[in-house]
There are 4 protein chains.
Amino acid sequence: MLRVTIVGCGGYGGVGAIELLLQHPDARIVALLDVNDVGKKVSELYPHLHGACDMAIVHPDEDRTESDVVFFATPDGVGMKNAVKYRAKGVKVIDYSGDFRFDTADAYRDYATRIGLSPEHAAPDLLSQSAYGICELHRDKIAKANVVGNPGCFAVSSILGAYPAVKGGLIDADTLVFDAKTGVSGAGKKVNPTWHYPHRYEEMNAYKIAKHQHVMEVERELSIAAGRPVNVTLVTQAVPVARGIMTCIYAKAAPGVSYETIFQAYFSQYASEPFVQVHGEKDAVGNRGVRGSNRCALWVNFDRRTHTMIVVSHIDNLVKGQAGSAVQCMNVMFGLPETAGLGSPGTYP
Amino acid sequence: MLRVTIVGCGGYGGVGAIELLLQHPDARIVALLDVNDVGKKVSELYPHLHGACDMAIVHPDEDRTESDVVFFATPDGVGMKNAVKYRAKGVKVIDYSGDFRFDTADAYRDYATRIGLSPEHAAPDLLSQSAYGICELHRDKIAKANVVGNPGCFAVSSILGAYPAVKGGLIDADTLVFDAKTGVSGAGKKVNPTWHYPHRYEEMNAYKIAKHQHVMEVERELSIAAGRPVNVTLVTQAVPVARGIMTCIYAKAAPGVSYETIFQAYFSQYASEPFVQVHGEKDAVGNRGVRGSNRCALWVNFDRRTHTMIVVSHIDNLVKGQAGSAVQCMNVMFGLPETAGLGSPGTYP
Amino acid sequence: MLRVTIVGCGGYGGVGAIELLLQHPDARIVALLDVNDVGKKVSELYPHLHGACDMAIVHPDEDRTESDVVFFATPDGVGMKNAVKYRAKGVKVIDYSGDFRFDTADAYRDYATRIGLSPEHAAPDLLSQSAYGICELHRDKIAKANVVGNPGCFAVSSILGAYPAVKGGLIDADTLVFDAKTGVSGAGKKVNPTWHYPHRYEEMNAYKIAKHQHVMEVERELSIAAGRPVNVTLVTQAVPVARGIMTCIYAKAAPGVSYETIFQAYFSQYASEPFVQVHGEKDAVGNRGVRGSNRCALWVNFDRRTHTMIVVSHIDNLVKGQAGSAVQCMNVMFGLPETAGLGSPGTYP
Amino acid sequence: MLRVTIVGCGGYGGVGAIELLLQHPDARIVALLDVNDVGKKVSELYPHLHGACDMAIVHPDEDRTESDVVFFATPDGVGMKNAVKYRAKGVKVIDYSGDFRFDTADAYRDYATRIGLSPEHAAPDLLSQSAYGICELHRDKIAKANVVGNPGCFAVSSILGAYPAVKGGLIDADTLVFDAKTGVSGAGKKVNPTWHYPHRYEEMNAYKIAKHQHVMEVERELSIAAGRPVNVTLVTQAVPVARGIMTCIYAKAAPGVSYETIFQAYFSQYASEPFVQVHGEKDAVGNRGVRGSNRCALWVNFDRRTHTMIVVSHIDNLVKGQAGSAVQCMNVMFGLPETAGLGSPGTYP
């Protein structure tokens, strides 16, 4: 039985991990840590956990529990400052932030600079032990990694949605546009006038236009796939749903490339993936179909009049876009069945 | 491993049972029956089930599967017409409709008349084998029953919320008012201008004022508790949430009865119940805390200026109000742990 | 042309007054005052006002504009501290808070104590010049008043909904229960975890159970109607709508009183009221029908089995429950047509 | 006083026109026609109109009223079959459908074929008297037209958002992508499982990918602007809002073209337009700012890393996207102030 510590258990990312791990056959939570609400039961913060998880929250500095893996469900900067002490005890690390999404100090510097943080990584020695946590692309590396940088929610949806086309050279990658709509939970539980119910209902708005930091992960992964540097446009938008990301991906198809070729590339790429589902243009796909599950549904389309590939990528931002990916990585890191604890279909309606 | 057949798998009540039974350690679904969408995979109707449950839907008349228990997730009139053939094979029956909520032909006649159906029960011989499916009140009878009438969603929330006060004689039962707000899923998946998104968002409305049929179950149970006939007022209302029922229960307290006495009665009644949670007036309770779970949260309050008991009863109408209650009854009927398959806390946010 | 000053223009109550006064044929806004966002155009805060109202916000202490009437769209305590200086210049006052809802220092003391404020009124001399701002009940007094205490939103819906029955002695007023559901805008624009979109969607919760301060206005008005002190139970609840209040009002009918008698009393009471609409039990009424308008829709029902009157009262909390009532009072105070500026039906859907 | 007849008054497009015309200083509704609900008051269908508009619905064949202009708030095929008889009496025509959006029989044939209708126009003689109803682009032609084809909602948002860049040759028009998110009211009042509240809340989905018929209007207008045929990609999506369209418009900027050049082109193009508002990249813009108003808010952005223009175009689909545009055209056709009756800012929140 894998022993799991969650740092930052009081946020949406932490509670998502709790929900999944409670159902996991081979893992159990041994410590819930947070700097806020210390001493409270987590079920006081999140009443739906009443009876299912009534553990008290412990301050990270006070934790003496032994564990096999620690989830840092924390903002940028927390994981890298605290991972070393866990690694010293042999504990594996899964970090939700950008701290370990880049495996060189240089790449991290670019990222940190972009988001206005100190450019120096706090634990540069760990970077070489780290892997980027999209199992569909980096399964082998994750299996051997001691540290995983869990991907950004927009990045998961964008990378999975563009990868086969870029890798296969089926599109002009320089024309890639990612138009990404997210639910409000992506911004976490911190209140803000933007997310105030009377303002948010009936609201749609773009934000951080061409400035969202997740684009750096997307470009890194797609550059690897393309074998050359690729820059893309990412426009993030918020709509009045609580959970979910729907990203429309546009790119001019390479000359002579047809819908059928593109669909086949996606189908082949993901045929044996338990959590990626490829739909052809005759299907009808929506975000409700992945809500509460760890699946990514890709809907491959083609505009024959403009020779443009259109892939619509759907995930639950809090599952495949966050806690689900983390648990999937944990399974791979510890040689468990990759789908363990991730079988829940969610609820409908 | 209990073998379960679900009739009416294509409705919200059926899909709710599927979701729960997929997580059940001691039961498995052997047949999904419906008169609509025969031959389709249920995951075509409900894409979130993709990979989790891809069974094809079979017409009820074509089903040859053997099972231990059948769920009729069907409207009034279906279960009683079809239960006999299942009983003849020794299969136990759990019916979601009003068909088996009343255990005498006379009581059924009153109910059927009220809702405009034929007053004659189609399987009167089964009535004596039946129990009313609120385990918290009828656990022993359910354990021995071959047929269970799963309670109405409003009835669950109302009965659990009023029972201790009525049984204890702590209120004037003739002043009982149940003001019940429901989410839209209570009306099922059938489209209607009332539930059309552009109409329903920002809408609140009462309906079937003092005419909802669930009141008959409520009065029957509370009359038993009171030891005399009790009539109550129930006003059902729809608000723009998908899942959930919040029922405010009002009654004049009996002379000399205090808040403390009432709270203690509730606390004692439900102290060992796994799915009922009693809150005192200093707590803050909302429906989000029970969403996706089989729990009923009761918030006991008192208006000292008017000597009025106020209990707010919260359930998820599709779980404790429907499929969860059915699975709980199944567990009791077959001697399984009562909480088996019902441990999921749901998801938040 | 009436010159109107709005204090507290930056809140929902202020912006509601702006929206209405922009359409008013006989009034114009001359000053928008607030202690926050001074110097900004109000259309920067509320972009929908762009082009329609681009006035800059002035600090209340810096205002030198002359006006005929001032709206205090401000919390308790602000209006009474600032009304005197306006009155000294002959300006009439309409206050949104509880400051002028009670016309004696003693009644105010009870109210202030209940909500934890200093029991001394800051402008006791103005109390005798004040009227309670429900035109349907106090039209003549409002017409002569220099100061109006605009009613609380729950109070408007409750008082209009119970008045004819209480006045006519048709119910046992001591059994009155007001079960009031409100939209989130009732809490204003201040952010709070309770109103955070991911929490509030799919949430329903009661709050301030039997403790909401608006009950004091309700009891005062109904006591006058009854000719004796009346205490009632009010339970306020929040549901995920932005605008609207639906209050279900329950009371045991007096012996021998029928539905027809009650309906007739409501119909007669409000027959010539432009903003109150009485529906009989055969109608179907919802909050969408009054959204964006100054109307109150009363749906009169009766539970013959329990001899209980049930009136469902619907308003838009920001119009008839706030800014609309204020404008209606203004019209009456200045001898304008009572409906001036209040003709907009709102928008649907 | 302009006399207006509305055909199809029972749909959202009809009720939108009623709401606006009730506030119009120079127009009044003389007849409300529909094939459904004949004889009912329109306020029975739409209770918010109670007191404001209680006219009875007349069957179009029974109408004997004289009017100056008729609005066909009807689906494709209705307007062109009935316009001739109105024109014979000198009545001007504004049609909401695609019937008069193309001014040659050939262009109509392409459109009709695309949407599966008969390719022959029913009133080809009227095409030469018709204008396309975007006043910002065709004001002079509309002023002289007897028939106006009111634009599609997606088309309004797309054309206004791309026009200055295309006209100025500032982008590679062949790379244009329109990613358009709409509220549910765009689909009208007809119920459908897709718009059923329990399904739609928390849902986001693309539909008619690269197949929506509004693209033909967009291409026609942009081809005129470009001086050469232009094909573009339009992907329509539905999110859980009732009102509003947000279209993200992407195109590679022409070599050497900067953000500043593009912004200036937009600013100049629309500087004197009362209903188009241009925002620079430092602003923050959302759909709530145009909700309920006839304004289009354009937010001009630029991705310098990929040399891509990004314009986010916001409208209320039922006002500027439908009834508001129709009233604006009416004003221009009859020489009234273009903003008459269109001054309402809507309501917030």
# chains A, B, ... in the order shown; residues from 1 in each chain; ligands from 1
>>> closest_atom_pairs(of="chain B", to="chain D", cutoff="9 Å", atoms="only C-alpha atoms", output="Markdown table")
| residue | atom | partner | partner_atom | distance |
| --- | --- | --- | --- | --- |
| B:Gly183 | CA | D:Pro198 | CA | 8.6 |
| B:Val184 | CA | D:Pro198 | CA | 6.3 |
| B:Ser185 | CA | D:Pro198 | CA | 5.9 |
| B:Gly188 | CA | D:Pro198 | CA | 8.8 |
| B:Lys189 | CA | D:Pro193 | CA | 7.7 |
| B:Lys190 | CA | D:Pro193 | CA | 7.6 |
| B:Val191 | CA | D:His196 | CA | 5.9 |
| B:Asn192 | CA | D:Val191 | CA | 6.2 |
| B:Pro193 | CA | D:Val191 | CA | 6.0 |
| B:Trp195 | CA | D:Tyr197 | CA | 5.5 |
| B:His196 | CA | D:His196 | CA | 5.1 |
| B:Tyr197 | CA | D:Tyr197 | CA | 4.6 |
| B:Pro198 | CA | D:Ala242 | CA | 5.1 |
| B:His199 | CA | D:Ala242 | CA | 8.4 |
| B:Arg200 | CA | D:Tyr197 | CA | 6.9 |
| B:Tyr201 | CA | D:Ala242 | CA | 7.7 |
| B:Pro240 | CA | D:Tyr197 | CA | 8.0 |
| B:Val241 | CA | D:Pro198 | CA | 7.9 |
| B:Ala242 | CA | D:Pro198 | CA | 5.1 |
| B:Arg243 | CA | D:Pro198 | CA | 8.2 |
>>> residues_around(residues="Asp174 in chain A", least_positions_apart="2", cutoff="9 Å", atoms="only C-alpha atoms", output="number ranges by chain")
A: 171-172, 176-177, 230-232, 251-252; D: 306
>>> select_by_dssp(residues="range 8-187 of chain B", states="strand (DSSP E)", output="ChimeraX atom specification")
/B:27-33,69-72,92-95,130-132,147-149,177-182
>>> select_by_dssp(residues="range 77-127 of chain C", states="alpha helix (DSSP H)", output="VMD selection string")
chain C and resid 78 to 88 105 to 114 124 to 127
>>> atom_distance(atom1="CA of Ala143 in chain D", atom2="CA of Ala162 in chain D")
23.7 Å
>>> decode(residues="range 273-301 of chain A", atoms="N, CA, C and O atoms", output="JSON list (two decimals), in the first residue's frame")
[["chain", "number", "residue", "atom", "x", "y", "z"],
["A", 273, "GLU", "N", -4.07, 3.88, -25.68],
["A", 273, "GLU", "CA", -4.06, 4.73, -24.49],
["A", 273, "GLU", "C", -5.38, 4.60, -23.73],
["A", 273, "GLU", "O", -6.45, 4.81, -24.32],
["A", 274, "PRO", "N", -5.32, 4.29, -22.45],
["A", 274, "PRO", "CA", -6.59, 4.12, -21.73],
["A", 274, "PRO", "C", -7.34, 5.43, -21.50],
["A", 274, "PRO", "O", -8.54, 5.43, -21.28],
["A", 275, "PHE", "N", -6.62, 6.56, -21.56],
["A", 275, "PHE", "CA", -7.26, 7.81, -21.17],
["A", 275, "PHE", "C", -7.39, 8.82, -22.32],
["A", 275, "PHE", "O", -7.70, 9.98, -22.07],
["A", 276, "VAL", "N", -7.11, 8.39, -23.53],
["A", 276, "VAL", "CA", -7.31, 9.30, -24.66],
["A", 276, "VAL", "C", -8.23, 8.61, -25.66],
["A", 276, "VAL", "O", -8.02, 7.46, -26.02],
["A", 277, "GLN", "N", -9.20, 9.35, -26.10],
["A", 277, "GLN", "CA", -10.26, 8.82, -26.93],
["A", 277, "GLN", "C", -10.33, 9.69, -28.17],
["A", 277, "GLN", "O", -10.47, 10.91, -28.05],
["A", 278, "VAL", "N", -10.22, 9.08, -29.34],
["A", 278, "VAL", "CA", -10.19, 9.87, -30.58],
["A", 278, "VAL", "C", -11.52, 9.72, -31.31],
["A", 278, "VAL", "O", -11.99, 8.61, -31.55],
["A", 279, "HIS", "N", -12.12, 10.86, -31.64],
["A", 279, "HIS", "CA", -13.40, 10.87, -32.36],
["A", 279, "HIS", "C", -13.21, 11.43, -33.76],
["A", 279, "HIS", "O", -12.46, 12.40, -33.95],
["A", 280, "GLY", "N", -13.93, 10.85, -34.71],
["A", 280, "GLY", "CA", -13.91, 11.37, -36.07],
["A", 280, "GLY", "C", -14.93, 12.46, -36.27],
["A", 280, "GLY", "O", -15.78, 12.71, -35.40],
["A", 281, "GLU", "N", -14.89, 13.08, -37.43],
["A", 281, "GLU", "CA", -15.70, 14.28, -37.64],
["A", 281, "GLU", "C", -17.20, 14.01, -37.62],
["A", 281, "GLU", "O", -17.98, 14.92, -37.43],
["A", 282, "LYS", "N", -17.62, 12.77, -37.79],
["A", 282, "LYS", "CA", -19.06, 12.48, -37.79],
["A", 282, "LYS", "C", -19.63, 12.39, -36.37],
["A", 282, "LYS", "O", -20.84, 12.37, -36.18],
["A", 283, "ASP", "N", -18.76, 12.26, -35.37],
["A", 283, "ASP", "CA", -19.23, 12.19, -33.99],
["A", 283, "ASP", "C", -19.70, 13.56, -33.49],
["A", 283, "ASP", "O", -19.52, 14.58, -34.16],
["A", 284, "ALA", "N", -20.30, 13.54, -32.31],
["A", 284, "ALA", "CA", -20.63, 14.79, -31.62],
["A", 284, "ALA", "C", -20.03, 14.67, -30.22],
["A", 284, "ALA", "O", -20.32, 13.71, -29.51],
["A", 285, "VAL", "N", -19.20, 15.61, -29.88],
["A", 285, "VAL", "CA", -18.43, 15.49, -28.64],
["A", 285, "VAL", "C", -18.62, 16.75, -27.81],
["A", 285, "VAL", "O", -18.72, 17.85, -28.36],
["A", 286, "GLY", "N", -18.68, 16.60, -26.52],
["A", 286, "GLY", "CA", -18.78, 17.76, -25.63],
["A", 286, "GLY", "C", -18.02, 17.49, -24.35],
["A", 286, "GLY", "O", -17.60, 16.36, -24.07],
["A", 287, "ASN", "N", -17.86, 18.53, -23.57],
["A", 287, "ASN", "CA", -17.07, 18.40, -22.36],
["A", 287, "ASN", "C", -17.73, 17.56, -21.28],
["A", 287, "ASN", "O", -17.06, 16.97, -20.44],
["A", 288, "ARG", "N", -19.07, 17.51, -21.29],
["A", 288, "ARG", "CA", -19.77, 16.70, -20.29],
["A", 288, "ARG", "C", -19.34, 15.24, -20.33],
["A", 288, "ARG", "O", -19.42, 14.53, -19.33],
["A", 289, "GLY", "N", -18.90, 14.77, -21.48],
["A", 289, "GLY", "CA", -18.50, 13.38, -21.60],
["A", 289, "GLY", "C", -17.22, 13.03, -20.86],
["A", 289, "GLY", "O", -16.94, 11.85, -20.63],
["A", 290, "VAL", "N", -16.42, 14.03, -20.49],
["A", 290, "VAL", "CA", -15.18, 13.74, -19.76],
["A", 290, "VAL", "C", -15.21, 14.31, -18.34],
["A", 290, "VAL", "O", -14.24, 14.15, -17.59],
["A", 291, "ARG", "N", -16.30, 14.95, -17.99],
["A", 291, "ARG", "CA", -16.39, 15.61, -16.69],
["A", 291, "ARG", "C", -16.29, 14.58, -15.56],
["A", 291, "ARG", "O", -17.02, 13.61, -15.53],
["A", 292, "GLY", "N", -15.36, 14.79, -14.66],
["A", 292, "GLY", "CA", -15.20, 13.88, -13.54],
["A", 292, "GLY", "C", -14.33, 12.68, -13.85],
["A", 292, "GLY", "O", -14.06, 11.88, -12.96],
["A", 293, "SER", "N", -13.87, 12.56, -15.09],
["A", 293, "SER", "CA", -13.04, 11.40, -15.44],
["A", 293, "SER", "C", -11.64, 11.87, -15.85],
["A", 293, "SER", "O", -11.40, 13.05, -16.07],
["A", 294, "ASN", "N", -10.74, 10.92, -15.97],
["A", 294, "ASN", "CA", -9.36, 11.24, -16.34],
["A", 294, "ASN", "C", -9.15, 11.17, -17.85],
["A", 294, "ASN", "O", -8.02, 11.21, -18.31],
["A", 295, "ARG", "N", -10.23, 11.11, -18.60],
["A", 295, "ARG", "CA", -10.07, 10.96, -20.04],
["A", 295, "ARG", "C", -9.90, 12.30, -20.76],
["A", 295, "ARG", "O", -10.38, 13.33, -20.30],
["A", 296, "CYS", "N", -9.21, 12.23, -21.89],
["A", 296, "CYS", "CA", -9.13, 13.34, -22.83],
["A", 296, "CYS", "C", -9.83, 12.88, -24.10],
["A", 296, "CYS", "O", -9.46, 11.85, -24.68],
["A", 297, "ALA", "N", -10.84, 13.62, -24.53],
["A", 297, "ALA", "CA", -11.55, 13.28, -25.77],
["A", 297, "ALA", "C", -11.11, 14.25, -26.86],
["A", 297, "ALA", "O", -11.26, 15.46, -26.72],
["A", 298, "LEU", "N", -10.55, 13.69, -27.92],
["A", 298, "LEU", "CA", -10.08, 14.50, -29.05],
["A", 298, "LEU", "C", -11.02, 14.32, -30.23],
["A", 298, "LEU", "O", -11.29, 13.19, -30.64],
["A", 299, "TRP", "N", -11.48, 15.43, -30.76],
["A", 299, "TRP", "CA", -12.43, 15.39, -31.86],
["A", 299, "TRP", "C", -11.72, 15.97, -33.09],
["A", 299, "TRP", "O", -11.46, 17.17, -33.13],
["A", 300, "VAL", "N", -11.41, 15.10, -34.04],
["A", 300, "VAL", "CA", -10.59, 15.50, -35.19],
["A", 300, "VAL", "C", -11.49, 15.93, -36.34],
["A", 300, "VAL", "O", -12.35, 15.17, -36.78],
["A", 301, "ASN", "N", -11.28, 17.15, -36.80],
["A", 301, "ASN", "CA", -12.08, 17.71, -37.88],
["A", 301, "ASN", "C", -11.17, 18.38, -38.92],
["A", 301, "ASN", "O", -9.97, 18.56, -38.69]]
